[in-house]
Each structure stands twice: as structure tokens, then as C-alpha cells.
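Undergrad: Next comes the structure file coords-v2.tsv, holding TSV, C-alpha atoms.
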chain	number	residue	atom	x	y	z
A	1	MET	CA	52.15	119.55	107.21
A	2	ARG	CA	55.12	121.95	107.27
A	3	LYS	CA	58.01	120.96	105.01
A	4	PRO	CA	61.45	120.91	106.65
A	5	THR	CA	63.78	123.77	105.78
A	6	ARG	CA	67.09	123.16	104.07
A	7	ARG	CA	68.91	123.73	107.39
A	8	GLU	CA	66.70	121.19	109.12
A	9	PHE	CA	67.22	118.66	106.32
A	10	LEU	CA	71.01	119.04	106.46
A	11	THR	CA	70.95	118.69	110.25
A	12	LEU	CA	68.93	115.48	109.95
A	13	LEU	CA	71.28	114.11	107.29
A	14	GLY	CA	74.32	114.86	109.44
A	15	ALA	CA	72.79	113.23	112.48
A	16	THR	CA	71.92	110.14	110.43
A	17	GLY	CA	75.49	109.85	109.10
A	18	ALA	CA	76.96	110.31	112.58
A	19	GLY	CA	74.70	107.59	113.91
A	20	LEU	CA	75.76	105.21	111.18
A	21	LEU	CA	79.44	105.84	111.83
A	22	ALA	CA	78.96	105.41	115.58
A	23	GLU	CA	77.16	102.12	114.99
A	24	SER	CA	79.92	100.84	112.72
A	25	ALA	CA	82.65	101.91	115.12
A	26	ALA	CA	80.90	100.12	117.96
A	27	ALA	CA	80.61	96.99	115.81
A	28	ALA	CA	84.31	97.17	114.99
A	29	THR	CA	85.37	97.35	118.64
A	30	SER	CA	83.05	94.73	120.08
A	31	GLY	CA	82.45	91.04	119.62
A	32	ALA	CA	84.82	88.15	119.11
A	33	ARG	CA	86.71	87.83	115.86
A	34	ASP	CA	86.54	84.50	114.09
A	35	VAL	CA	89.93	82.92	113.44
A	36	ASN	CA	89.97	79.90	111.15
A	37	ALA	CA	92.41	77.33	112.54
A	38	SER	CA	91.96	75.01	109.56
A	39	GLU	CA	93.44	77.39	106.98
A	40	LEU	CA	96.78	76.43	105.42
A	41	GLY	CA	99.95	78.17	106.46
A	42	MET	CA	103.63	77.90	107.31
A	43	LEU	CA	105.68	78.09	110.49
A	44	TYR	CA	109.14	79.56	109.97
A	45	ASP	CA	111.62	78.85	112.77
A	46	ALA	CA	114.45	81.35	112.43
A	47	THR	CA	116.54	79.44	114.98
A	48	ARG	CA	116.71	76.47	112.61
A	49	CYS	CA	117.38	78.39	109.39
A	50	VAL	CA	120.95	78.15	108.07
A	51	GLY	CA	120.52	80.70	105.29
A	52	CYS	CA	121.11	78.23	102.45
A	53	LYS	CA	118.37	79.92	100.40
A	54	ALA	CA	117.21	76.63	98.92
A	55	CYS	CA	113.65	77.86	99.49
A	56	MET	CA	114.34	80.97	97.39
A	57	ALA	CA	115.91	79.02	94.52
A	58	THR	CA	113.17	76.40	94.44
A	59	CYS	CA	110.38	78.96	94.67
A	60	LYS	CA	111.80	80.78	91.65
A	61	ARG	CA	112.30	77.58	89.66
A	62	VAL	CA	108.87	76.07	90.38
A	63	ASN	CA	106.89	79.26	89.85
A	64	ARG	CA	109.02	80.92	87.19
A	65	ASP	CA	106.75	80.25	84.22
A	66	TYR	CA	103.51	80.58	86.14
A	67	GLY	CA	104.45	83.91	87.71
A	68	ASN	CA	106.45	85.31	84.77
A	69	LEU	CA	109.51	85.51	87.00
A	70	SER	CA	113.10	86.09	85.94
A	71	TYR	CA	116.46	85.79	87.69
A	72	GLU	CA	118.08	88.82	89.31
A	73	ARG	CA	121.78	89.10	88.64
A	74	ALA	CA	124.12	89.96	91.51
A	75	PRO	CA	126.39	93.01	91.05
A	76	PHE	CA	129.47	90.77	91.12
A	77	ASP	CA	128.03	88.25	88.65
A	78	GLN	CA	128.83	89.45	85.15
A	79	ASP	CA	128.03	86.08	83.60
A	80	GLY	CA	124.52	85.85	85.06
A	81	LEU	CA	125.15	82.59	86.88
A	82	TRP	CA	123.52	83.61	90.16
A	83	ASP	CA	120.00	84.56	91.20
A	84	ALA	CA	120.73	87.00	94.02
A	85	PRO	CA	117.78	89.28	94.85
A	86	THR	CA	118.29	91.77	97.67
A	87	ASP	CA	114.59	92.25	98.36
A	88	LEU	CA	111.17	90.99	97.37
A	89	SER	CA	110.40	92.23	93.88
A	90	GLY	CA	108.41	91.64	90.73
A	91	ASN	CA	110.65	88.62	90.19
A	92	THR	CA	110.98	87.25	93.72
A	93	ARG	CA	108.21	85.81	95.91
A	94	THR	CA	110.35	84.48	98.77
A	95	LEU	CA	113.42	86.05	100.33
A	96	ILE	CA	115.90	85.04	103.03
A	97	LYS	CA	117.79	87.86	104.75
A	98	LEU	CA	120.42	88.01	107.45
A	99	TYR	CA	119.90	90.49	110.28
A	100	LYS	CA	122.84	91.24	112.54
A	101	GLU	CA	122.73	93.24	115.77
A	102	SER	CA	125.45	95.55	116.97
A	103	ALA	CA	125.78	93.32	120.06
A	104	GLY	CA	126.84	90.48	117.77
A	105	ARG	CA	123.63	88.46	117.76
A	106	TRP	CA	122.26	87.56	114.36
A	107	SER	CA	119.41	85.66	112.73
A	108	TYR	CA	118.07	84.76	109.33
A	109	VAL	CA	114.49	85.68	108.46
A	110	LYS	CA	112.18	84.62	105.67
A	111	TYR	CA	109.90	87.08	103.86
A	112	SER	CA	106.88	86.06	101.82
A	113	CYS	CA	103.13	86.65	101.81
A	114	MET	CA	101.63	86.39	105.31
A	115	HIS	CA	98.25	85.09	104.06
A	116	CYS	CA	96.36	87.14	106.64
A	117	GLN	CA	93.16	85.92	108.22
A	118	THR	CA	91.64	89.30	107.25
A	119	PRO	CA	93.80	90.48	104.33
A	120	SER	CA	93.80	94.21	103.64
A	121	CYS	CA	94.94	93.62	100.04
A	122	VAL	CA	91.73	91.72	99.35
A	123	SER	CA	89.65	94.37	101.09
A	124	VAL	CA	90.96	97.29	99.01
A	125	CYS	CA	91.10	95.59	95.59
A	126	PRO	CA	88.33	97.24	93.52
A	127	VAL	CA	88.07	94.46	90.94
A	128	SER	CA	88.54	91.33	93.09
A	129	ALA	CA	91.91	90.55	91.55
A	130	MET	CA	93.04	89.73	95.08
A	131	THR	CA	90.96	86.99	96.68
A	132	LYS	CA	91.04	84.79	99.75
A	133	ASP	CA	90.05	81.15	99.32
A	134	GLN	CA	87.47	80.40	101.98
A	135	GLY	CA	88.55	76.77	102.22
A	136	THR	CA	92.35	76.94	102.28
A	137	GLY	CA	92.80	80.57	103.36
A	138	ILE	CA	95.26	81.18	100.52
A	139	VAL	CA	95.39	84.81	99.41
A	140	ASP	CA	95.64	84.61	95.63
A	141	TYR	CA	96.02	87.03	92.72
A	142	ASP	CA	94.32	86.96	89.30
A	143	LYS	CA	96.31	88.86	86.69
A	144	ASN	CA	93.38	88.75	84.26
A	145	LYS	CA	91.27	90.92	86.58
A	146	CYS	CA	94.00	93.29	87.77
A	147	ILE	CA	93.85	96.92	86.55
A	148	GLY	CA	97.26	97.87	87.95
A	149	CYS	CA	96.02	100.30	90.61
A	150	ARG	CA	98.45	98.80	93.17
A	151	TYR	CA	96.12	99.54	96.10
A	152	CYS	CA	97.14	96.12	97.45
A	153	GLN	CA	100.72	97.34	97.81
A	154	ILE	CA	99.66	100.37	99.81
A	155	ALA	CA	97.24	98.41	102.02
A	156	CYS	CA	99.58	95.56	102.96
A	157	ALA	CA	101.02	96.12	106.44
A	158	PHE	CA	103.97	93.85	105.61
A	159	ASN	CA	104.93	95.45	102.27
A	160	ILE	CA	104.68	92.13	100.44
A	161	PRO	CA	102.96	92.56	97.02
A	162	ARG	CA	105.37	93.82	94.35
A	163	PHE	CA	104.73	95.18	90.86
A	164	GLN	CA	106.61	94.26	87.69
A	165	TRP	CA	107.50	97.78	86.61
A	166	GLU	CA	109.95	96.69	83.94
A	167	LEU	CA	107.46	94.62	81.91
A	168	LYS	CA	105.07	95.78	79.20
A	169	ALA	CA	102.36	93.53	80.63
A	170	PRO	CA	103.12	93.75	84.36
A	171	GLN	CA	101.40	91.98	87.21
A	172	ILE	CA	101.51	91.81	90.99
A	173	VAL	CA	103.90	89.20	92.42
A	174	LYS	CA	103.40	87.49	95.79
A	175	CYS	CA	103.49	84.03	97.33
A	176	ASP	CA	100.37	81.90	96.78
A	177	LEU	CA	101.69	78.83	98.62
A	178	CYS	CA	102.45	77.30	95.19
A	179	LYS	CA	98.69	76.92	94.72
A	180	SER	CA	98.92	76.15	91.00
A	181	THR	CA	102.30	74.40	91.04
A	182	ASN	CA	103.89	72.44	93.90
A	183	LEU	CA	100.88	72.47	96.22
A	184	GLN	CA	98.65	71.21	93.43
A	185	GLY	CA	101.09	68.50	92.36
A	186	LYS	CA	102.69	67.43	95.65
A	187	GLY	CA	100.47	68.82	98.38
A	188	ILE	CA	103.16	71.07	99.85
A	189	PRO	CA	104.72	74.44	98.91
A	190	ALA	CA	108.12	74.18	97.27
A	191	CYS	CA	109.96	76.08	100.01
A	192	ALA	CA	108.70	73.77	102.75
A	193	GLU	CA	109.49	70.68	100.68
A	194	VAL	CA	113.16	71.50	100.08
A	195	CYS	CA	114.21	73.07	103.40
A	196	PRO	CA	117.03	70.75	104.58
A	197	VAL	CA	116.80	71.67	108.27
A	198	GLY	CA	113.06	71.83	108.85
A	199	ALA	CA	112.97	75.59	109.31
A	200	ILE	CA	109.71	75.75	107.30
A	201	THR	CA	106.80	73.62	108.47
A	202	PHE	CA	103.65	73.45	106.35
A	203	GLY	CA	100.21	72.60	107.67
A	204	LYS	CA	96.98	73.95	109.10
A	205	ARG	CA	97.17	77.06	111.26
A	206	GLY	CA	95.86	75.38	114.39
A	207	GLY	CA	98.43	72.59	114.21
A	208	LEU	CA	101.24	75.04	113.47
A	209	LEU	CA	100.39	77.09	116.56
A	210	GLN	CA	100.43	73.94	118.69
A	211	GLU	CA	103.81	73.01	117.28
A	212	ALA	CA	105.18	76.49	117.91
A	213	ARG	CA	103.96	76.52	121.52
A	214	ALA	CA	105.46	73.06	122.08
A	215	ARG	CA	108.86	74.24	120.85
A	216	ILE	CA	108.77	77.30	123.11
A	217	SER	CA	107.75	75.15	126.08
A	218	ALA	CA	110.48	72.58	125.42
A	219	ASN	CA	113.22	75.20	124.85
A	220	PRO	CA	112.17	78.42	126.65
A	221	GLY	CA	115.66	79.90	126.49
A	222	ARG	CA	115.88	79.45	122.75
A	223	TYR	CA	112.93	81.64	121.74
A	224	VAL	CA	111.65	85.12	122.55
A	225	GLY	CA	108.51	83.53	124.01
A	226	SER	CA	105.85	84.62	121.53
A	227	ILE	CA	104.69	83.65	118.05
A	228	TYR	CA	104.69	86.38	115.45
A	229	GLY	CA	101.51	86.29	113.39
A	230	GLU	CA	99.36	84.70	116.09
A	231	HIS	CA	97.59	87.99	116.80
A	232	GLU	CA	99.05	90.68	114.51
A	233	VAL	CA	96.36	92.31	112.30
A	234	GLY	CA	93.86	89.65	113.26
A	235	GLY	CA	96.28	86.78	112.79
A	236	THR	CA	98.31	85.53	109.86
A	237	ASN	CA	98.80	82.05	108.46
A	238	HIS	CA	102.54	82.60	108.04
A	239	LEU	CA	103.89	82.29	111.59
A	240	TYR	CA	107.34	82.98	113.05
A	241	LEU	CA	109.54	81.75	115.88
A	242	ALA	CA	112.83	83.51	116.60
A	243	ALA	CA	115.57	83.94	119.17
A	244	VAL	CA	115.76	87.73	118.78
A	245	PRO	CA	112.95	90.33	118.95
A	246	PHE	CA	110.82	90.23	115.83
A	247	GLY	CA	111.33	93.96	115.32
A	248	ASP	CA	115.05	93.33	114.91
A	249	LEU	CA	114.19	90.99	112.03
A	250	GLY	CA	112.33	93.70	110.16
A	251	LEU	CA	108.88	92.42	111.12
A	252	PRO	CA	106.61	95.39	111.95
A	253	SER	CA	104.94	95.89	115.32
A	254	LEU	CA	101.22	95.86	114.51
A	255	PRO	CA	97.91	95.97	116.43
A	256	ASP	CA	95.79	92.88	116.90
A	257	ARG	CA	92.77	94.25	115.08
A	258	PRO	CA	92.94	94.07	111.25
A	259	PRO	CA	92.64	97.49	109.55
A	260	ALA	CA	90.29	96.01	106.94
A	261	GLU	CA	87.77	95.03	109.60
A	262	PHE	CA	87.15	98.59	110.80
A	263	SER	CA	86.95	100.14	107.32
A	264	GLU	CA	84.64	97.40	106.04
A	265	ASN	CA	82.30	97.79	109.01
A	266	ILE	CA	81.97	101.50	108.25
A	267	GLN	CA	81.40	100.92	104.54
A	268	HIS	CA	78.93	98.10	105.02
A	269	THR	CA	76.96	100.05	107.63
A	270	ILE	CA	76.79	103.24	105.61
A	271	TYR	CA	75.74	101.46	102.43
A	272	LYS	CA	73.44	98.95	104.10
A	273	GLY	CA	70.05	99.33	102.44
A	274	PHE	CA	71.54	102.17	100.36
A	275	VAL	CA	70.77	104.58	103.22
A	276	ALA	CA	73.64	106.94	102.43
A	277	PRO	CA	73.09	107.12	98.65
A	278	VAL	CA	69.35	107.68	99.10
A	279	ALA	CA	70.00	110.44	101.63
A	280	LEU	CA	72.54	112.05	99.28
A	281	TYR	CA	70.22	111.97	96.29
A	282	GLY	CA	67.44	113.35	98.49
A	283	LEU	CA	69.63	116.27	99.48
A	284	LEU	CA	70.58	116.96	95.86
A	285	CYS	CA	66.91	116.83	94.88
A	286	VAL	CA	65.96	119.38	97.55
A	287	ILE	CA	68.73	121.74	96.45
A	288	SER	CA	67.80	121.34	92.78
A	289	LEU	CA	64.09	122.02	93.40
A	290	ARG	CA	64.88	125.05	95.56
A	291	ASN	CA	67.17	126.53	92.89
A	292	ARG	CA	64.52	125.89	90.25
A	293	ARG	CA	61.87	127.75	92.30
A	294	ARG	CA	64.26	130.65	92.79
A	295	ARG	CA	64.88	130.90	89.04
A	296	GLU	CA	61.16	130.74	88.31
A	297	GLN	CA	60.42	133.40	90.92
A	298	ALA	CA	63.16	135.62	89.51
A	299	GLY	CA	61.66	135.25	86.00
A	300	ILE	CA	58.19	136.23	87.22
A	301	GLU	CA	59.55	139.33	88.95
A	302	GLU	CA	61.42	140.38	85.79
A	303	GLU	CA	58.24	140.05	83.69
A	304	GLU	CA	56.27	142.20	86.20
A	305	ASP	CA	58.93	144.91	86.04
Let's see the structure in the file written out as C-alpha cells.

TA:
Amino acid sequence: MRKPTRREFLTLLGATGAGLLAESAAAATSGARDVNASELGMLYDATRCVGCKACMATCKRVNRDYGNLSYERAPFDQDGLWDAPTDLSGNTRTLIKLYKESAGRWSYVKYSCMHCQTPSCVSVCPVSAMTKDQGTGIVDYDKNKCIGCRYCQIACAFNIPRFQWELKAPQIVKCDLCKSTNLQGKGIPACAEVCPVGAITFGKRGGLLQEARARISANPGRYVGSIYGEHEVGGTNHLYLAAVPFGDLGLPSLPDRPPAEFSENIQHTIYKGFVAPVALYGLLCVISLRNRRRREQAGIEEEED
């Protein structure tokens, strides 16, 4: 039986890889995506928020020791009496901002972890420091596993995870729905517990979506008519209602399909059964054997001369 030439082997390897990629791409663009309506989440209604920032203050107080958080002094506050962060940071998990349009319309908006149905931060973490609880849906972080690569920061479409650059033993900071603090002790995240106007509603995703649709139906002129997070990147468990376009509130316009789903389909298909590694080692073996025969042949010819 004739052995395949190196060109034939490379052609076969390339065709195999192309087939695997085509199969994974087809899998990523077909089929229904499972959305878990029983996962825990929050509905933030920007039309109800009064910007009191009680959620920010309580989040910092409740999680300060657990998350190694510190207060951020305002530029005007020389005595350090105020915690006044201007953005999410290594010390701040939850942030309220005011967005004002040139036309005069304005709205508050709350930033914290979106707890995605298919979180990219979990997908890219090489050491499983970022995890998603299959029961509650909470995207959590384990500082004892983290190696500080910060891939989670790059992968997050919402720019949520932050790194504690100023500390000698830094960690990633993000909302975990008070998993180890208020949620564990009282059954509700601190921000949702203290909001005086009901702008933050805590519950299961399915119930939150029903509540959001009911509010839009009852007051169609009050809202933009859609729920942010219902479909974005496969759906998030932190949902938004607002009176102004979500883009004006700094929330990114994103596709429905989660980026992690496509990349994972490719990786899982290529490495299924170790097809790709076996093919690669086979190629290296062929090249090594061919080079060895060439050296041996060259040595024989030198001896004959």
C-alpha cells in the first residue's frame, strides 16, 4: 500500500480542520438556546430611581470586609467623610450614574454585574476562578484560584470586572448578588433591600420579565418599550427598564448570541476525542521521520564518497 506524501498528508489535515470548524460554526448558528428562567436576578427601573445612592452605600458597607473594599474619597472631601466613586473600580461593585441629554432629558442608571446566562468571563477564565452557579445563576469569583490574568475584564461585554491595582494582594471585584453576605443572611441583595422607591426588584428571571412587561403594558408612554438584558448576549439576569434609549444610558448595543457560545463550540468540536492534537502529533511525527531519513541518507552518501 502506497504511503501518502507529505503534501497529501497536509491536504488531508487541512480538510479535516476545515470540516471541524464548519461543523462547529453550523452548531453555533442553529438550534434553540436554553434560557433558565429560574435563575436569580434584578430588575432595575430607571424611571423610579431618584439617585439617592443608598444601594451604593449599602453594597460597600455590607461587602466591605468580604471583598476587601475601601472608600473612595471625593476630590472636594479633604476629611474623607464621603464615599464618592465616579466609576466601577476595585473598590466599588455597584454604581449609580446620571446621564443627561442635550435635549434636556435625563435618567439615572445602575451599573453592576449583569450575571449573564452565558457569561464570557467564565468561559475565558483558565483556572475556573470565575464560575456560574448552576442553581442560582450567580456569576461568582474565587480569589484563591485567580492568577491575575484579567482575561475576564477583556471578555466582559459590559466592562464590569475590575482589578485592585493598588493592592499588594489584588483581586477581581464584581457584584455577586451578596452571595456570602446579605443574600445568605436575609435572602435578598443589599441594594434591593434598601432601595426606598422600589427601583431594584429582586427575584427569579422569569418573574422579573413578567413584571417588566406588565409595567410597560400598564404605562406604555413611560418606557422605551423593550427590556434591556432580555436578549443581549444570550440574556442577562440583571434587567433594565428606562424612559430613554438604553444606549444613552451607556448600555452597549449587543447581539443576541453570546460570544462565548460560538468560541466554545469551536473549541469543543476541535478537541472532541482529541482529534486535533492527534492530527498535529501525527504531522510532527511524519516530518520528524522524514528529516531523520534525509540525515541518514546524507550520511550514507558521505561515507561512499

Undergrad: Could you build a table of the residues in region 102-182 of chain A lying no more than 10 Å from region 229-233 of chain A, giving for each the nearest pair of atoms and their separation in Å rounded to one decimal place, using all atoms listed in the file, ordered by chain and ascending residue number, as a Markdown table?

TA:
| residue | atom | partner | partner_atom | distance |
| --- | --- | --- | --- | --- |
| A:Met114 | CA | A:Gly229 | CA | 8.1 |
| A:His115 | CA | A:Gly229 | CA | 10.0 |
| A:Cys116 | CA | A:Val233 | CA | 7.7 |
| A:Gln117 | CA | A:Val233 | CA | 8.2 |
| A:Thr118 | CA | A:Val233 | CA | 7.5 |
| A:Pro119 | CA | A:Val233 | CA | 8.6 |
| A:Ser120 | CA | A:Val233 | CA | 9.2 |
| A:Ala157 | CA | A:Val233 | CA | 8.4 |

Undergrad: Find the residues near region 53-64 of chain A: any atom within 6 Å, counting only C-alpha atoms, skip ones fewer than 4 places away on the same chain, and give them as a PDB file with C-alpha atoms, in the frame of the given file.

TA:
ATOM      1  CA  ASN A  68     106.450  85.310  84.770  1.00  0.00           C
ATOM      2  CA  LEU A  69     109.510  85.510  87.000  1.00  0.00           C
ATOM      3  CA  THR A  94     110.350  84.480  98.770  1.00  0.00           C
ATOM      4  CA  LEU A  95     113.420  86.050 100.330  1.00  0.00           C
ATOM      5  CA  ALA A 190     108.120  74.180  97.270  1.00  0.00           C
ATOM      6  CA  CYS A 191     109.960  76.080 100.010  1.00  0.00           C
TER       7      CYS A 191
END

Undergrad: At what distance in Å, to one decimal, does CA of Ile160 (chain A) lie from CA of Pro75 (chain A)?

TA: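 Separation of CA of Pro75 (chain A) and CA of Ile160 (chain A): 23.7 Å.
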
Undergrad: Using all atoms listed in the file, tabulate the residues of region 23-142 of chain A lying at most 12 Å from any atom of region 202-218 of chain A, each with its closest atom pair and that distance in Å to one decimal, by chain and increasing residue number, as CSV.

TA:
residue,atom,partner,partner_atom,distance
A:Val35,CA,A:Arg205,CA,9.6
A:Asn36,CA,A:Arg205,CA,7.7
A:Ala37,CA,A:Gly206,CA,4.4
A:Ser38,CA,A:Lys204,CA,5.2
A:Glu39,CA,A:Lys204,CA,5.4
A:Leu40,CA,A:Lys204,CA,4.4
A:Gly41,CA,A:Arg205,CA,5.7
A:Met42,CA,A:Phe202,CA,4.6
A:Leu43,CA,A:Leu208,CA,6.2
A:Tyr44,CA,A:Phe202,CA,9.0
A:Asp45,CA,A:Ala212,CA,8.6
A:Ala46,CA,A:Ala212,CA,11.8
A:Thr47,CA,A:Arg215,CA,11.0
A:Arg48,CA,A:Arg215,CA,11.6
A:Met114,CA,A:Arg205,CA,11.9
A:His115,CA,A:Arg205,CA,10.8
A:Cys116,CA,A:Arg205,CA,11.1
A:Gln117,CA,A:Arg205,CA,10.2
A:Gly135,CA,A:Lys204,CA,11.2
A:Thr136,CA,A:Lys204,CA,8.8
A:Gly137,CA,A:Arg205,CA,9.7
A:Ile138,CA,A:Lys204,CA,11.4

Undergrad: Measuring between all atoms listed in the file, which one of A:Gly235, A:Asp34, A:Arg105, A:Ala242 shows the shortest distance to Arg257 (chain A)?

TA: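 Smallest distance to Arg257 (chain A) is found for A:Gly235.
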
Undergrad: Which residue gives the smallest distance to Gln171 (chain A) among A:Lys97, A:Gly67, A:Gly250, A:Val194, with all atoms listed in the file counted?

TA: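 Using all atoms listed in the file, Gln171 (chain A) sits closest to A:Gly67.
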
Undergrad: Grab the CA of Val197 (chain A) to CA of Ala74 (chain A) distance for me, in Å with one decimal place.

TA: 25.9 Å

Undergrad: Which distance in Å separates CA of Ala129 (chain A) and CA of Ile147 (chain A), to one decimal?

TA: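 Going from CA of Ala129 (chain A) over to CA of Ile147 (chain A), I get 8.3 Å.
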
Undergrad: Residues at most 8 Å from Ser128 (chain A), counting only C-alpha atoms, excluding those fewer than 3 positions away in the same chain, as a list in words?

TA: Val122, Cys125, Thr131, Lys145 and Cys146 of chain A

Undergrad: Quick one: residues within 9 Å of Pro85 (chain A), all atoms listed in the file counted, chain neighbours fewer than 5 positions away excluded, as a PyMOL selection string?

TA: chain A and resi 71-74+91-92+95

Undergrad: Is it possible to get the axis-aligned box enclosing region 202-213 of chain A (all listed atoms, 4 Å extra per side) as lines of an AutoDock Vina configuration file, with centre and edge lengths in Å rounded to one decimal?

TA:
center_x = 100.5
center_y = 74.8
center_z = 113.9
size_x = 17.3
size_y = 12.5
size_z = 23.2

Undergrad: A:Cys152, A:Leu241, A:Val139, A:Leu88: which is nearest Pro220 (chain A), counting all atoms listed in the file?

TA: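 Nearest candidate to Pro220 (chain A) out of A:Cys152, A:Leu241, A:Val139, A:Leu88: A:Leu241.
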